[in-house]
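A.B. asks: Shown below is the structure under consideration.
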Amino acid sequence: MSSTALTAWAYPLAESLLSEPLPRRWAHSQGVAERARTLAPILGSDANLLEATAVLHDIGYAPSLAKTGFHPLDGARYLRDVAHADDRVVRLVAHHSCAWMEAEARGLRDELEEEFPRENAHLTDALCFCDMNTTPDGTPTNPVDRVNEIAGRYGPNSLIGTFIRRAEPEILGCTARTLERLAAVKRQPT
């Protein structure tokens with residue numbers, strides 16, 4: 001599948017799974033994809049791959065897909081087994097936004113990592129940047145406010161609240177590395 005065909009395939013799939021049962025999650029996913037488009041200068045030939053992954057990253061929340069209750073794993077399994085998606089998209093969805101830490105808290109880390117090898121760090125950082133710089137409603141934010149919002153929504157002592165606080169330094173690292181890559185591209189003479 002060509003890179004432009006990949007995005008043309010991803011949007012209607014994500015919309016079909018999220019728009020009716022989870023309209024706010026669909027708005028978030030569209031916002032994450034919008035952030036992904038802003039990273040095109042540092043992504044080269046992977047720009048459409050990241051955009052497609054961004055719009056699909058939360059499909060595991062769809063009620064029809066939720067099997068384990070761990071949305072990165074549920075979404076990745078659906079993409080692999082049912083949608084027969086590009087393997088790189090599947091791996092990025094499986095590992096988006098420090099998913100390994102939440103998987104560990106759920107006792108699913110070995111399962112996640114055995115089924116889905118991690119994609120390269122450049123793309124993993126970029127996807128985390130997009131997700132953590134987008135509100136639940138799809139508008140831009142910053143990762144500190146996003147982490148606070150997530151912890152507040154789930155409660156500080158919940159599994160998600162504990163995970164997101166543990167992941168915060170890595171989320172901030174992903175953001176810093178991605179912004180540095182963008183700044184480096186902008187500093188290059190044209």
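How things are named: the first chain in the structure tokens is A, the next is B, and so on; residues count from 1 in each chain; ligands count from 1 in the order shown.
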Identify, on the basis of only C-alpha atoms, every residue whose closest approach to Ala40 of chain A does not exceed 12 Å; exclude the query and any residue fewer than 2 positions from it along the same chain; express the result as a compact mmCIF listing (two decimals) with C-alpha atoms, in the first residue's frame.
C.D. replies:
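To be explicit, this is the file written out as selection-v7.txt:
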```
# COMPACT_ATOMS: atom_id res chain seq x y z
CA ALA A 33 -3.23 13.06 13.33
CA GLU A 34 -3.22 16.83 12.86
CA ARG A 35 -0.17 17.07 15.16
CA ALA A 36 1.46 14.29 13.13
CA ARG A 37 1.13 16.35 9.95
CA THR A 38 3.14 19.14 11.62
CA ILE A 42 11.41 15.41 10.37
CA LEU A 43 9.65 12.28 9.14
CA GLY A 44 10.53 12.16 5.45
CA SER A 45 9.04 9.10 3.80
CA ASP A 46 7.44 8.06 7.13
CA ALA A 47 5.18 11.14 7.35
CA ASN A 48 2.07 9.36 6.08
CA LEU A 49 2.88 6.29 8.17
CA LEU A 50 2.88 8.39 11.32
CA GLU A 51 -0.31 10.23 10.34
CA LEU A 123 8.75 7.30 15.26
CA ALA A 126 6.98 11.36 17.40
CA CYS A 130 1.47 13.91 19.01
CA THR A 178 10.96 15.50 18.87
CA ARG A 181 14.64 17.24 15.74
CA LEU A 182 12.23 19.90 14.48
CA VAL A 185 15.62 20.83 10.62
```
A.B. asks: So which residues touch Ile160 of chain A within 10 Å, counting only C-alpha atoms, skipping near sequence neighbours fewer than 6 positions away, as a VMD selection string?
C.D. replies: chain A and resid 102 105 to 106 150 to 154 166
A.B. asks: Save out the residues we just selected, all heavy atoms, as a PDB file, in the first residue's frame.
C.D. replies:
```pdb
ATOM      1  N   GLU A 102       2.390   0.825  31.047  1.00  0.00           N
ATOM      2  CA  GLU A 102       1.036   0.439  31.450  1.00  0.00           C
ATOM      3  C   GLU A 102       0.867  -1.072  31.335  1.00  0.00           C
ATOM      4  O   GLU A 102       0.230  -1.702  32.193  1.00  0.00           O
ATOM      5  CB  GLU A 102      -0.027   1.160  30.613  1.00  0.00           C
ATOM      6  CG  GLU A 102      -1.424   0.852  31.073  1.00  0.00           C
ATOM      7  CD  GLU A 102      -2.524   1.549  30.281  1.00  0.00           C
ATOM      8  OE1 GLU A 102      -2.226   2.515  29.545  1.00  0.00           O
ATOM      9  OE2 GLU A 102      -3.689   1.126  30.412  1.00  0.00           O
ATOM     10  N   ALA A 105       2.191  -2.668  34.386  1.00  0.00           N
ATOM     11  CA  ALA A 105       1.274  -2.518  35.522  1.00  0.00           C
ATOM     12  C   ALA A 105       0.090  -3.476  35.426  1.00  0.00           C
ATOM     13  O   ALA A 105      -0.466  -3.880  36.444  1.00  0.00           O
ATOM     14  CB  ALA A 105       0.779  -1.074  35.613  1.00  0.00           C
ATOM     15  N   ARG A 106      -0.274  -3.846  34.210  1.00  0.00           N
ATOM     16  CA  ARG A 106      -1.394  -4.763  33.990  1.00  0.00           C
ATOM     17  C   ARG A 106      -0.961  -6.224  33.911  1.00  0.00           C
ATOM     18  O   ARG A 106      -1.789  -7.104  33.691  1.00  0.00           O
ATOM     19  CB  ARG A 106      -2.124  -4.386  32.699  1.00  0.00           C
ATOM     20  CG  ARG A 106      -2.847  -3.066  32.759  1.00  0.00           C
ATOM     21  CD  ARG A 106      -3.470  -2.741  31.392  1.00  0.00           C
ATOM     22  NE  ARG A 106      -4.198  -1.496  31.407  1.00  0.00           N
ATOM     23  CZ  ARG A 106      -5.461  -1.359  31.781  1.00  0.00           C
ATOM     24  NH1 ARG A 106      -6.161  -2.410  32.168  1.00  0.00           N
ATOM     25  NH2 ARG A 106      -6.055  -0.172  31.763  1.00  0.00           N
ATOM     26  N   ILE A 150      -4.947  13.571  32.406  1.00  0.00           N
ATOM     27  CA  ILE A 150      -5.157  12.119  32.462  1.00  0.00           C
ATOM     28  C   ILE A 150      -5.196  11.647  33.916  1.00  0.00           C
ATOM     29  O   ILE A 150      -6.101  10.899  34.313  1.00  0.00           O
ATOM     30  CB  ILE A 150      -4.059  11.377  31.664  1.00  0.00           C
ATOM     31  CG1 ILE A 150      -4.209  11.668  30.165  1.00  0.00           C
ATOM     32  CG2 ILE A 150      -4.110   9.869  31.935  1.00  0.00           C
ATOM     33  CD1 ILE A 150      -3.015  11.236  29.327  1.00  0.00           C
ATOM     34  N   ALA A 151      -4.230  12.083  34.715  1.00  0.00           N
ATOM     35  CA  ALA A 151      -4.198  11.684  36.127  1.00  0.00           C
ATOM     36  C   ALA A 151      -5.461  12.154  36.848  1.00  0.00           C
ATOM     37  O   ALA A 151      -6.028  11.418  37.660  1.00  0.00           O
ATOM     38  CB  ALA A 151      -2.952  12.246  36.808  1.00  0.00           C
ATOM     39  N   GLY A 152      -5.925  13.358  36.530  1.00  0.00           N
ATOM     40  CA  GLY A 152      -7.142  13.871  37.145  1.00  0.00           C
ATOM     41  C   GLY A 152      -8.385  13.111  36.718  1.00  0.00           C
ATOM     42  O   GLY A 152      -9.278  12.852  37.528  1.00  0.00           O
ATOM     43  N   ARG A 153      -8.437  12.737  35.451  1.00  0.00           N
ATOM     44  CA  ARG A 153      -9.606  12.034  34.926  1.00  0.00           C
ATOM     45  C   ARG A 153      -9.738  10.643  35.536  1.00  0.00           C
ATOM     46  O   ARG A 153     -10.837  10.194  35.858  1.00  0.00           O
ATOM     47  CB  ARG A 153      -9.508  11.932  33.399  1.00  0.00           C
ATOM     48  CG  ARG A 153     -10.703  11.303  32.746  1.00  0.00           C
ATOM     49  CD  ARG A 153     -10.733  11.441  31.220  1.00  0.00           C
ATOM     50  NE  ARG A 153      -9.507  11.815  30.574  1.00  0.00           N
ATOM     51  CZ  ARG A 153      -8.907  11.094  29.611  1.00  0.00           C
ATOM     52  NH1 ARG A 153      -9.438   9.966  29.203  1.00  0.00           N
ATOM     53  NH2 ARG A 153      -7.793  11.535  29.049  1.00  0.00           N
ATOM     54  N   TYR A 154      -8.626   9.941  35.680  1.00  0.00           N
ATOM     55  CA  TYR A 154      -8.668   8.564  36.186  1.00  0.00           C
ATOM     56  C   TYR A 154      -8.480   8.466  37.694  1.00  0.00           C
ATOM     57  O   TYR A 154      -8.799   7.445  38.288  1.00  0.00           O
ATOM     58  CB  TYR A 154      -7.611   7.704  35.477  1.00  0.00           C
ATOM     59  CG  TYR A 154      -7.970   7.405  34.048  1.00  0.00           C
ATOM     60  CD1 TYR A 154      -7.503   8.194  33.006  1.00  0.00           C
ATOM     61  CD2 TYR A 154      -8.791   6.324  33.722  1.00  0.00           C
ATOM     62  CE1 TYR A 154      -7.832   7.925  31.687  1.00  0.00           C
ATOM     63  CE2 TYR A 154      -9.132   6.044  32.414  1.00  0.00           C
ATOM     64  CZ  TYR A 154      -8.648   6.842  31.395  1.00  0.00           C
ATOM     65  OH  TYR A 154      -8.981   6.580  30.088  1.00  0.00           O
ATOM     66  N   ARG A 166       4.272   7.769  36.366  1.00  0.00           N
ATOM     67  CA  ARG A 166       5.532   7.050  36.163  1.00  0.00           C
ATOM     68  C   ARG A 166       6.097   7.314  34.774  1.00  0.00           C
ATOM     69  O   ARG A 166       7.311   7.417  34.586  1.00  0.00           O
ATOM     70  CB  ARG A 166       5.302   5.548  36.368  1.00  0.00           C
ATOM     71  CG  ARG A 166       6.555   4.730  36.215  1.00  0.00           C
ATOM     72  CD  ARG A 166       6.331   3.271  36.599  1.00  0.00           C
ATOM     73  NE  ARG A 166       7.476   2.507  36.146  1.00  0.00           N
ATOM     74  CZ  ARG A 166       7.405   1.447  35.376  1.00  0.00           C
ATOM     75  NH1 ARG A 166       6.241   0.974  34.986  1.00  0.00           N
ATOM     76  NH2 ARG A 166       8.500   0.822  34.996  1.00  0.00           N
TER      77      ARG A 166
END
```
A.B. asks: If you run DSSP on this backbone, which residues of segment 43-155 of chain A come out as alpha helix (DSSP H), and could you give them as number ranges by chain?
C.D. replies: A: 43, 47-56, 71-81, 87-94, 99-105, 109-115, 121-132, 143-154
A.B. asks: Would you mind listing what lies within 8 Å of Glu119 of chain A as JSON, numbers by chain, with only C-alpha atoms counted and same-chain residues fewer than 2 positions away left out?
C.D. replies: {"A": [88, 91, 92, 117, 121, 123, 124]}
A.B. asks: For the selection you just gave me, I'd like the residues written to a file as a PDB file, in the first residue's frame, keeping C-alpha atoms.
C.D. replies:
```pdb
ATOM      1  CA  ARG A  88       4.863  -0.794  11.273  1.00  0.00           C
ATOM      2  CA  ARG A  91       3.778  -2.009  16.148  1.00  0.00           C
ATOM      3  CA  LEU A  92       3.457   1.744  16.665  1.00  0.00           C
ATOM      4  CA  PRO A 117       8.460  -5.698  18.531  1.00  0.00           C
ATOM      5  CA  ALA A 121      12.587   5.306  18.582  1.00  0.00           C
ATOM      6  CA  LEU A 123       8.746   7.296  15.264  1.00  0.00           C
ATOM      7  CA  THR A 124       7.801   6.156  18.762  1.00  0.00           C
TER       8      THR A 124
END
```
A.B. asks: Using only C-alpha atoms, determine which residues lie at most 8 Å from segment 64-80 of chain A, disregarding the query and same-chain residues fewer than 5 positions distant; provide the list as a list in words.
C.D. replies: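 These residues fall inside the cut-off: Leu17, His57, Asp58, Ile59, Ala85, Asp86, Asp87, Val90, Arg91, Val93, Ala94, His95, His96, Ala99, Ala103 and Leu112 of chain A.
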A.B. asks: Would you save the residues from that selection as a PDB file, in the first residue's frame, using C-alpha atoms?
C.D. replies:
```pdb
ATOM      1  CA  LEU A  17     -14.744   2.306  15.008  1.00  0.00           C
ATOM      2  CA  HIS A  57      -3.698   4.816  17.796  1.00  0.00           C
ATOM      3  CA  ASP A  58      -6.759   4.678  20.104  1.00  0.00           C
ATOM      4  CA  ILE A  59      -9.034   2.292  18.187  1.00  0.00           C
ATOM      5  CA  ALA A  85      -2.585  -3.377   8.515  1.00  0.00           C
ATOM      6  CA  ASP A  86       0.983  -2.429   7.726  1.00  0.00           C
ATOM      7  CA  ASP A  87       3.225  -4.087  10.312  1.00  0.00           C
ATOM      8  CA  VAL A  90       0.545  -2.225  14.132  1.00  0.00           C
ATOM      9  CA  ARG A  91       3.778  -2.009  16.148  1.00  0.00           C
ATOM     10  CA  VAL A  93      -0.132   1.390  17.884  1.00  0.00           C
ATOM     11  CA  ALA A  94       0.931  -1.411  20.239  1.00  0.00           C
ATOM     12  CA  HIS A  95       3.661   0.710  21.814  1.00  0.00           C
ATOM     13  CA  HIS A  96       2.232   4.233  21.648  1.00  0.00           C
ATOM     14  CA  ALA A  99       2.445   1.574  26.557  1.00  0.00           C
ATOM     15  CA  ALA A 103       1.378  -3.115  30.136  1.00  0.00           C
ATOM     16  CA  LEU A 112       2.911  -7.053  24.394  1.00  0.00           C
TER      17      LEU A 112
END
```
A.B. asks: Which one of A:Gly161, A:Pro140, A:Pro12, A:Pro156 sits closest to Val55 of chain A if you count only C-alpha atoms?
C.D. replies: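 Once distances to Val55 of chain A are computed over only C-alpha atoms, the minimum belongs to A:Pro12.
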A.B. asks: Would you mind telling me which residue in A:Pro189, A:Ala83, A:Glu104, A:Pro169 lies nearest to Trp9 of chain A when using only C-alpha atoms?
C.D. replies: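 Among the listed residues, A:Ala83 lies closest to Trp9 of chain A.
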A.B. asks: What is the atom CA of Leu18 of chain A to atom CA of Tyr61 of chain A distance in Å?
C.D. replies: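 Answer for the atom CA of Leu18 of chain A to atom CA of Tyr61 of chain A separation: 8.0 Å.
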A.B. asks: Can you tell me which residues surround Asn142 of chain A at a distance of at most 10 Å, considering only C-alpha atoms, apart from same-chain residues fewer than 6 positions away, and format the answer as an mmCIF file with C-alpha atoms, in the first residue's frame?
C.D. replies:
```cif
data_model
loop_
_atom_site.group_PDB
_atom_site.id
_atom_site.type_symbol
_atom_site.label_atom_id
_atom_site.label_comp_id
_atom_site.auth_asym_id
_atom_site.auth_seq_id
_atom_site.Cartn_x
_atom_site.Cartn_y
_atom_site.Cartn_z
ATOM 1 C CA PHE A 129 4.642 13.743 21.112
ATOM 2 C CA CYS A 130 1.470 13.910 19.005
ATOM 3 C CA ASP A 131 -0.669 12.062 21.552
ATOM 4 C CA MET A 132 0.583 13.965 24.581
ATOM 5 C CA ASN A 133 0.241 17.354 22.896
ATOM 6 C CA THR A 134 -3.455 16.799 22.099
ATOM 7 C CA THR A 135 -6.407 17.165 24.475
ATOM 8 C CA LEU A 172 8.626 14.746 28.425
ATOM 9 C CA THR A 175 8.564 15.644 23.459
#
```
A.B. asks: What is the distance between atom CA of Ser16 of chain A and atom CA of His84 of chain A, in Å to one decimal?
C.D. replies: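 Going from atom CA of Ser16 of chain A over to atom CA of His84 of chain A covers 16.1 Å.
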A.B. asks: For each of A:Leu6, A:Met101, A:Cys128, A:Ala167, take the minimum atom-to-atom distance to Leu179 of chain A, counting only C-alpha atoms, then give the residue where this is smallest.
C.D. replies: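 Answer, going by the shortest atom-to-atom distance: A:Cys128.
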A.B. asks: So what do you get for atom CA of Gly107 of chain A versus atom CA of Ser158 of chain A, distance-wise?
C.D. replies: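 Taking atom CA of Gly107 of chain A as the start and atom CA of Ser158 of chain A as the end point, the length is 15.1 Å.
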A.B. asks: When distances are computed from only C-alpha atoms, which of A:Ala54, A:Val144, A:Ala62, A:Leu127 shows the smallest separation from Leu22 of chain A?
C.D. replies: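 Of the candidates, the smallest distance to Leu22 of chain A is held by A:Ala62.
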